[in-house]
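**Student:** model35.tsv is reproduced below (TSV, C-alpha atoms and all ligand atoms).
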chain	number	residue	atom	x	y	z
A	1	MET	CA	5.96	121.92	56.90
A	2	ALA	CA	3.93	121.77	53.65
A	3	ALA	CA	4.95	119.17	51.07
A	4	ASP	CA	6.80	120.44	47.99
A	5	LEU	CA	3.84	119.33	45.90
A	6	ILE	CA	0.69	117.24	45.77
A	7	LEU	CA	1.08	114.39	43.26
A	8	ALA	CA	-2.34	113.90	41.66
A	9	SER	CA	-1.47	110.39	40.55
A	10	GLY	CA	-1.90	106.83	41.78
A	11	SER	CA	1.33	105.85	40.02
A	12	GLU	CA	3.78	104.18	42.39
A	13	ILE	CA	6.74	104.77	40.06
A	14	ARG	CA	6.01	108.51	39.80
A	15	ARG	CA	5.91	108.76	43.58
A	16	ARG	CA	9.19	106.84	43.79
A	17	MET	CA	10.95	109.00	41.17
A	18	LEU	CA	9.92	112.27	42.87
A	19	GLU	CA	10.72	111.13	46.42
A	20	SER	CA	14.05	109.62	45.30
A	21	ALA	CA	14.90	113.07	43.86
A	22	GLY	CA	14.32	114.50	47.34
A	23	LEU	CA	10.89	116.08	46.94
A	24	THR	CA	8.32	115.79	49.72
A	25	LEU	CA	4.89	114.77	48.48
A	26	GLU	CA	1.28	114.47	49.37
A	27	ILE	CA	-0.57	111.93	47.21
A	28	GLU	CA	-4.15	112.59	46.12
A	29	SER	CA	-5.59	110.37	43.42
A	30	PRO	CA	-7.65	112.54	41.03
A	31	ARG	CA	-10.34	109.94	40.26
A	32	VAL	CA	-11.21	111.10	36.71
A	33	ASP	CA	-12.86	109.00	34.03
A	34	GLU	CA	-9.84	108.77	31.73
A	35	GLU	CA	-11.65	106.54	29.24
A	36	SER	CA	-14.38	109.06	28.49
A	37	ILE	CA	-11.89	111.95	28.29
A	38	ARG	CA	-9.70	109.89	25.94
A	39	ALA	CA	-12.76	109.15	23.78
A	40	ALA	CA	-13.85	112.82	23.77
A	41	VAL	CA	-10.47	114.18	22.68
A	42	ALA	CA	-10.14	111.41	20.09
A	43	LEU	CA	-13.42	112.62	18.55
A	44	GLU	CA	-11.77	116.05	18.21
A	45	GLY	CA	-8.85	114.41	16.41
A	46	ALA	CA	-6.36	114.97	19.25
A	47	SER	CA	-2.86	113.61	18.69
A	48	PRO	CA	-1.33	111.24	21.26
A	49	ARG	CA	0.70	114.22	22.59
A	50	GLU	CA	-2.41	116.40	22.98
A	51	THR	CA	-4.25	113.50	24.64
A	52	ALA	CA	-1.50	113.03	27.23
A	53	ASP	CA	-1.32	116.79	27.91
A	54	THR	CA	-5.11	117.08	28.26
A	55	LEU	CA	-5.34	114.13	30.65
A	56	ALA	CA	-2.46	115.43	32.75
A	57	GLU	CA	-4.16	118.83	33.02
A	58	VAL	CA	-7.57	117.33	33.89
A	59	LYS	CA	-6.04	115.23	36.69
A	60	ALA	CA	-4.10	118.18	38.11
A	61	ALA	CA	-7.12	120.51	37.84
A	62	LYS	CA	-9.38	118.04	39.65
A	63	VAL	CA	-7.14	117.97	42.72
A	64	ALA	CA	-6.14	121.65	42.49
A	65	GLY	CA	-9.82	122.58	42.60
A	66	ARG	CA	-10.02	120.88	45.99
A	67	ARG	CA	-6.64	122.26	47.15
A	68	PRO	CA	-6.29	125.76	45.61
A	69	GLU	CA	-3.56	126.71	48.08
A	70	ALA	CA	-1.28	123.86	46.98
A	71	ARG	CA	1.13	123.12	44.16
A	72	VAL	CA	-0.42	120.16	42.28
A	73	LEU	CA	1.20	117.95	39.65
A	74	GLY	CA	-0.90	115.92	37.21
A	75	CYS	CA	0.64	113.39	34.81
A	76	ASP	CA	-0.30	111.12	31.96
A	77	GLN	CA	1.61	108.84	29.64
A	78	VAL	CA	0.53	107.66	26.20
A	79	LEU	CA	2.23	105.08	24.04
A	80	ASP	CA	2.26	106.21	20.40
A	81	ILE	CA	2.65	103.49	17.77
A	82	ASP	CA	2.07	104.51	14.14
A	83	ARG	CA	0.26	107.68	15.35
A	84	GLU	CA	-2.19	105.62	17.43
A	85	GLY	CA	-2.27	106.22	21.19
A	86	LEU	CA	-2.38	103.11	23.39
A	87	ALA	CA	-3.21	102.92	27.11
A	88	LYS	CA	-2.31	100.30	29.71
A	89	PRO	CA	-3.28	96.72	28.69
A	90	SER	CA	-5.92	95.36	31.06
A	91	THR	CA	-5.38	91.63	30.54
A	92	ARG	CA	-2.39	89.37	29.92
A	93	ASP	CA	-3.72	88.58	26.42
A	94	GLU	CA	-3.92	92.31	25.65
A	95	ALA	CA	-0.35	92.71	26.91
A	96	ALA	CA	0.82	89.85	24.68
A	97	ALA	CA	-1.00	91.30	21.66
A	98	GLN	CA	0.48	94.75	22.38
A	99	LEU	CA	4.03	93.39	22.64
A	100	ARG	CA	3.56	91.50	19.37
A	101	ARG	CA	2.44	94.77	17.80
A	102	LEU	CA	5.44	96.71	19.16
A	103	ARG	CA	8.17	94.17	18.36
A	104	GLY	CA	10.59	95.03	15.56
A	105	LYS	CA	9.29	98.61	15.49
A	106	THR	CA	9.96	101.97	17.12
A	107	HIS	CA	7.27	103.44	19.37
A	108	ARG	CA	7.18	106.67	21.35
A	109	LEU	CA	6.29	107.22	24.98
A	110	LEU	CA	4.79	110.66	25.61
A	111	SER	CA	4.99	111.62	29.28
A	112	ALA	CA	2.98	114.74	30.02
A	113	ALA	CA	3.03	116.72	33.26
A	114	VAL	CA	1.06	119.83	34.23
A	115	LEU	CA	1.67	121.86	37.40
A	116	PHE	CA	-1.03	123.96	39.07
A	117	GLU	CA	-0.58	126.72	41.64
A	118	GLY	CA	-3.49	128.75	42.98
A	119	ALA	CA	-5.78	126.44	40.98
A	120	GLU	CA	-4.22	127.69	37.72
A	121	PRO	CA	-1.79	125.87	35.35
A	122	VAL	CA	1.68	127.46	35.70
A	123	TRP	CA	3.86	124.91	33.85
A	124	ARG	CA	3.47	122.03	31.43
A	125	HIS	CA	5.82	119.72	29.56
A	126	VAL	CA	5.58	116.60	27.42
A	127	GLY	CA	8.69	114.44	27.52
A	128	VAL	CA	9.24	112.13	24.54
A	129	ALA	CA	11.18	108.88	24.37
A	130	ARG	CA	11.64	106.65	21.32
A	131	LEU	CA	12.06	102.94	21.94
A	132	THR	CA	13.03	100.36	19.33
A	133	MET	CA	11.87	96.90	20.34
A	134	ARG	CA	13.73	93.78	19.27
A	135	PRO	CA	11.80	91.37	17.01
A	136	VAL	CA	11.15	89.08	19.99
A	137	SER	CA	9.46	85.73	19.31
A	138	ASP	CA	5.98	84.69	20.45
A	139	ALA	CA	7.65	82.16	22.77
A	140	PHE	CA	9.80	84.89	24.33
A	141	ILE	CA	6.74	87.13	24.86
A	142	GLU	CA	4.84	84.32	26.59
A	143	ALA	CA	7.81	83.42	28.81
A	144	TYR	CA	8.39	87.13	29.56
A	145	LEU	CA	4.75	87.51	30.64
A	146	ASP	CA	4.93	84.27	32.67
A	147	ARG	CA	7.64	86.03	34.69
A	148	ASN	CA	6.33	89.60	34.64
A	149	TRP	CA	2.51	89.60	34.48
A	150	PRO	CA	0.64	91.08	36.31
A	151	GLY	CA	3.60	93.17	37.56
A	152	VAL	CA	3.76	95.04	34.24
A	153	ALA	CA	-0.01	95.66	34.20
A	154	THR	CA	0.73	99.10	35.71
A	155	SER	CA	2.86	100.05	32.69
A	156	VAL	CA	1.46	101.56	29.52
A	157	GLY	CA	3.74	99.43	27.35
A	158	ALA	CA	3.47	96.19	29.40
A	159	TYR	CA	7.14	96.49	30.32
A	160	LYS	CA	9.25	97.97	33.12
A	161	ILE	CA	12.42	99.35	31.54
A	162	GLU	CA	14.23	99.28	34.88
A	163	GLU	CA	13.55	95.55	35.21
A	164	GLU	CA	13.45	92.72	32.67
A	165	GLY	CA	11.78	95.08	30.18
A	166	ALA	CA	15.30	96.25	29.30
A	167	ARG	CA	15.76	92.94	27.44
A	168	LEU	CA	12.99	93.88	24.99
A	169	PHE	CA	14.87	96.77	23.41
A	170	ALA	CA	17.53	97.14	20.75
A	171	HIS	CA	17.95	100.80	21.76
A	172	VAL	CA	16.09	103.75	23.28
A	173	GLN	CA	16.36	107.52	22.84
A	174	GLY	CA	15.30	109.67	25.81
A	175	ASP	CA	15.84	109.47	29.53
A	176	LEU	CA	14.68	106.63	31.75
A	177	PHE	CA	12.53	108.94	33.86
A	178	THR	CA	10.48	109.92	30.81
A	179	ILE	CA	10.12	106.25	29.90
A	180	GLN	CA	8.90	105.53	33.42
A	181	GLY	CA	6.18	108.15	33.10
A	182	LEU	CA	7.54	111.54	34.21
A	183	PRO	CA	9.59	114.32	32.51
A	184	LEU	CA	11.53	114.63	35.77
A	185	PHE	CA	14.47	116.73	34.55
A	186	ALA	CA	12.19	119.38	33.03
A	187	LEU	CA	10.10	119.52	36.22
A	188	LEU	CA	13.12	119.76	38.54
A	189	ASN	CA	14.68	122.47	36.37
A	190	PHE	CA	11.47	124.51	36.49
A	191	LEU	CA	11.11	124.15	40.26
A	192	THR	CA	14.79	124.94	40.86
A	193	ASP	CA	15.08	127.90	38.47
A	194	ARG	CA	12.15	129.66	40.12
A	195	GLY	CA	13.43	128.91	43.63
A	196	THR	CA	10.64	126.55	44.68
A	197	ILE	CA	13.25	123.96	45.63
A	198	PRO	CA	16.89	124.79	46.42
A	199	GLY	CA	19.38	124.24	43.63
B	1	LIG	N1	7.94	101.07	36.68
B	1	LIG	C1	7.67	101.46	35.40
B	1	LIG	N2	6.47	102.05	35.14
B	1	LIG	C2	6.25	102.42	33.85
B	1	LIG	C3	7.17	102.19	32.80
B	1	LIG	N3	6.62	102.68	31.63
B	1	LIG	C4	5.41	103.19	31.96
B	1	LIG	N4	5.19	103.04	33.30
B	1	LIG	C5	3.99	103.43	34.06
B	1	LIG	C6	4.04	104.87	34.53
B	1	LIG	C7	2.59	105.14	34.81
B	1	LIG	O1	2.27	104.74	36.13
B	1	LIG	C8	1.88	104.27	33.80
B	1	LIG	C9	1.30	105.13	32.68
B	1	LIG	O2	-0.07	105.20	32.85
B	1	LIG	P1	-0.83	106.55	33.30
B	1	LIG	O3	-0.10	107.75	32.81
B	1	LIG	O4	-2.26	106.37	32.95
B	1	LIG	O5	-0.66	106.58	34.88
B	1	LIG	P2	-1.35	105.71	36.00
B	1	LIG	O6	-2.67	105.17	35.57
B	1	LIG	O7	-0.32	104.73	36.48
B	1	LIG	O8	-1.55	106.76	37.19
B	1	LIG	P3	-2.42	108.10	37.16
B	1	LIG	O9	-3.32	108.05	35.96
B	1	LIG	O10	-1.44	109.23	37.10
B	1	LIG	O11	-3.16	108.05	38.48
B	1	LIG	O12	2.86	103.40	33.23
B	1	LIG	C10	8.41	101.56	33.12
B	1	LIG	O13	9.27	101.30	32.25
B	1	LIG	N5	8.62	101.24	34.43
As structure tokens, how would this structure be written, given the file I've shared?

**Tutor:**
Amino acid sequence: MAADLILASGSEIRRRMLESAGLTLEIESPRVDEESIRAAVALEGASPRETADTLAEVKAAKVAGRRPEARVLGCDQVLDIDREGLAKPSTRDEAAAQLRRLRGKTHRLLSAAVLFEGAEPVWRHVGVARLTMRPVSDAFIEAYLDRNWPGVATSVGAYKIEEEGARLFAHVQGDLFTIQGLPLFALLNFLTDRGTIPG
């Protein structure tokens, strides 16, 4: 029995969200050079939303090219603060600096997904969440990272909303799936409405 879709992502949380919703998956990491694509689209003046959409499409296309018979989902998430797109922090110091930059402000998480069938894009969506971070102190940030680094290194904002990251926020707008990197409701509605999955 073929899987419902191939997830062209190395993201553990995306796999977990999709499988918990009852979808059967194959996982195939796309292995694309995100940094150079990010730099190229930035040169063209791409917005954070366009950057996330482009990266999601490139990842899906890479795997769909190898598996034209399959349904392939590519994803990307960008953190937008003051119109600047941030990617995952690579060191604890970068995570601390990023949290200091986000505190007391509202940032957006843009979670893009692109679905390929027959090696062609058939659906795309960018989910948006707005998160207002409390004005947490330097001491809190350091203690938070003592407890949560490197676990949060896999998260674009250096937090996991479903864990202690919840304590960072005064309030959020948007669903928790979008915050965790996938516009799950939009994807499930598309797949259900066209009869790909029962609903
Ligand atoms: N568990 C959890 N993960 C989060 C949260 N916020 C963001 N993330 C994760 C979801 C994605 O795995 C990651 C966003 O980075 P990317 O879109 O570049 O994906 P990633 O490099 O993980 O995988 P991929 O590029 O798709 O192979 O951040 C959160 O609150 N909780």

**Student:** Which of these, A:Gly118, A:Pro183, A:Gly45, A:Gly104, has the shortest distance to ligand LIG 1 (chain B) once you count all atoms listed in the file?

**Tutor:**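 Checking each candidate against ligand LIG 1 (chain B), we get A:Pro183 as the closest.
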
**Student:** Which residues are near ligand LIG 1 (chain B) - at most 6 Å, using all atoms listed in the file? Format: as a PDB file with C-alpha atoms, in the frame of the given file.

**Tutor:**
ATOM      1  CA  SER A   9      -1.470 110.390  40.550  1.00  0.00           C
ATOM      2  CA  GLY A  10      -1.900 106.830  41.780  1.00  0.00           C
ATOM      3  CA  SER A  11       1.330 105.850  40.020  1.00  0.00           C
ATOM      4  CA  ILE A  13       6.740 104.770  40.060  1.00  0.00           C
ATOM      5  CA  SER A  29      -5.590 110.370  43.420  1.00  0.00           C
ATOM      6  CA  CYS A  75       0.640 113.390  34.810  1.00  0.00           C
ATOM      7  CA  ASP A  76      -0.300 111.120  31.960  1.00  0.00           C
ATOM      8  CA  GLN A  77       1.610 108.840  29.640  1.00  0.00           C
ATOM      9  CA  THR A 154       0.730  99.100  35.710  1.00  0.00           C
ATOM     10  CA  SER A 155       2.860 100.050  32.690  1.00  0.00           C
ATOM     11  CA  VAL A 156       1.460 101.560  29.520  1.00  0.00           C
ATOM     12  CA  TYR A 159       7.140  96.490  30.320  1.00  0.00           C
ATOM     13  CA  LYS A 160       9.250  97.970  33.120  1.00  0.00           C
ATOM     14  CA  ILE A 161      12.420  99.350  31.540  1.00  0.00           C
ATOM     15  CA  GLU A 162      14.230  99.280  34.880  1.00  0.00           C
ATOM     16  CA  ILE A 179      10.120 106.250  29.900  1.00  0.00           C
ATOM     17  CA  GLN A 180       8.900 105.530  33.420  1.00  0.00           C
ATOM     18  CA  GLY A 181       6.180 108.150  33.100  1.00  0.00           C
TER      19      GLY A 181
END

**Student:** Which of these, A:Leu131, A:Met17, A:Ala139, A:Ile27, has the shortest distance to Ala170 (chain A) once you count only C-alpha atoms?

**Tutor:** A:Leu131

**Student:** Which neighbours of Leu145 (chain A) fall inside 8 Å, counting only C-alpha atoms, when residues of the same chain fewer than 4 positions from it are skipped, and could you give them as a ChimeraX atom specification?

**Tutor:** /A:92,96,141,149-150

**Student:** So which residues are close to (-8.3, 120.1, 38.8), meaning at most 9 Å away in the file's coordinates with all atoms listed in the file counted, and can you show them as a list of chain:residue names?

**Tutor:**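 Neighbouring residues, ordered by chain and number, come to A:Pro30, A:Glu57, A:Val58, A:Lys59, A:Ala60, A:Ala61, A:Lys62, A:Val63, A:Ala64, A:Gly65, A:Arg66, A:Arg67, A:Val72, A:Gly74, A:Phe116, A:Ala119, A:Glu120.
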
**Student:** At a cut-off of 12 Å around the point (8.3, 131.7, 36.9) (file coordinates), what residues fall inside when counting all atoms listed in the file? I'd like the answer as a VMD selection string.

**Tutor:** chain A and resid 115 117 121 to 123 189 to 196

**Student:** I need the residues from that last selection saved to file as an mmCIF file, in the frame of the given file (with C-alpha atoms), if you can.

**Tutor:**
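Saved to out.cif:
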data_model
loop_
_atom_site.group_PDB
_atom_site.id
_atom_site.type_symbol
_atom_site.label_atom_id
_atom_site.label_comp_id
_atom_site.auth_asym_id
_atom_site.auth_seq_id
_atom_site.Cartn_x
_atom_site.Cartn_y
_atom_site.Cartn_z
ATOM 1 C CA LEU A 115 1.670 121.860 37.400
ATOM 2 C CA GLU A 117 -0.580 126.720 41.640
ATOM 3 C CA PRO A 121 -1.790 125.870 35.350
ATOM 4 C CA VAL A 122 1.680 127.460 35.700
ATOM 5 C CA TRP A 123 3.860 124.910 33.850
ATOM 6 C CA ASN A 189 14.680 122.470 36.370
ATOM 7 C CA PHE A 190 11.470 124.510 36.490
ATOM 8 C CA LEU A 191 11.110 124.150 40.260
ATOM 9 C CA THR A 192 14.790 124.940 40.860
ATOM 10 C CA ASP A 193 15.080 127.900 38.470
ATOM 11 C CA ARG A 194 12.150 129.660 40.120
ATOM 12 C CA GLY A 195 13.430 128.910 43.630
ATOM 13 C CA THR A 196 10.640 126.550 44.680
#

**Student:** I need the residue nearest Ala113 (chain A) from this list: A:Leu43, A:Arg100, A:Ser36, A:Leu187. Use all atoms listed in the file for the distance.

**Tutor:**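 Smallest separation from Ala113 (chain A) among the options: A:Leu187.
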
**Student:** So how far away is CA of Met133 (chain A) from CA of Gln173 (chain A), in Å?

**Tutor:** 11.8 Å
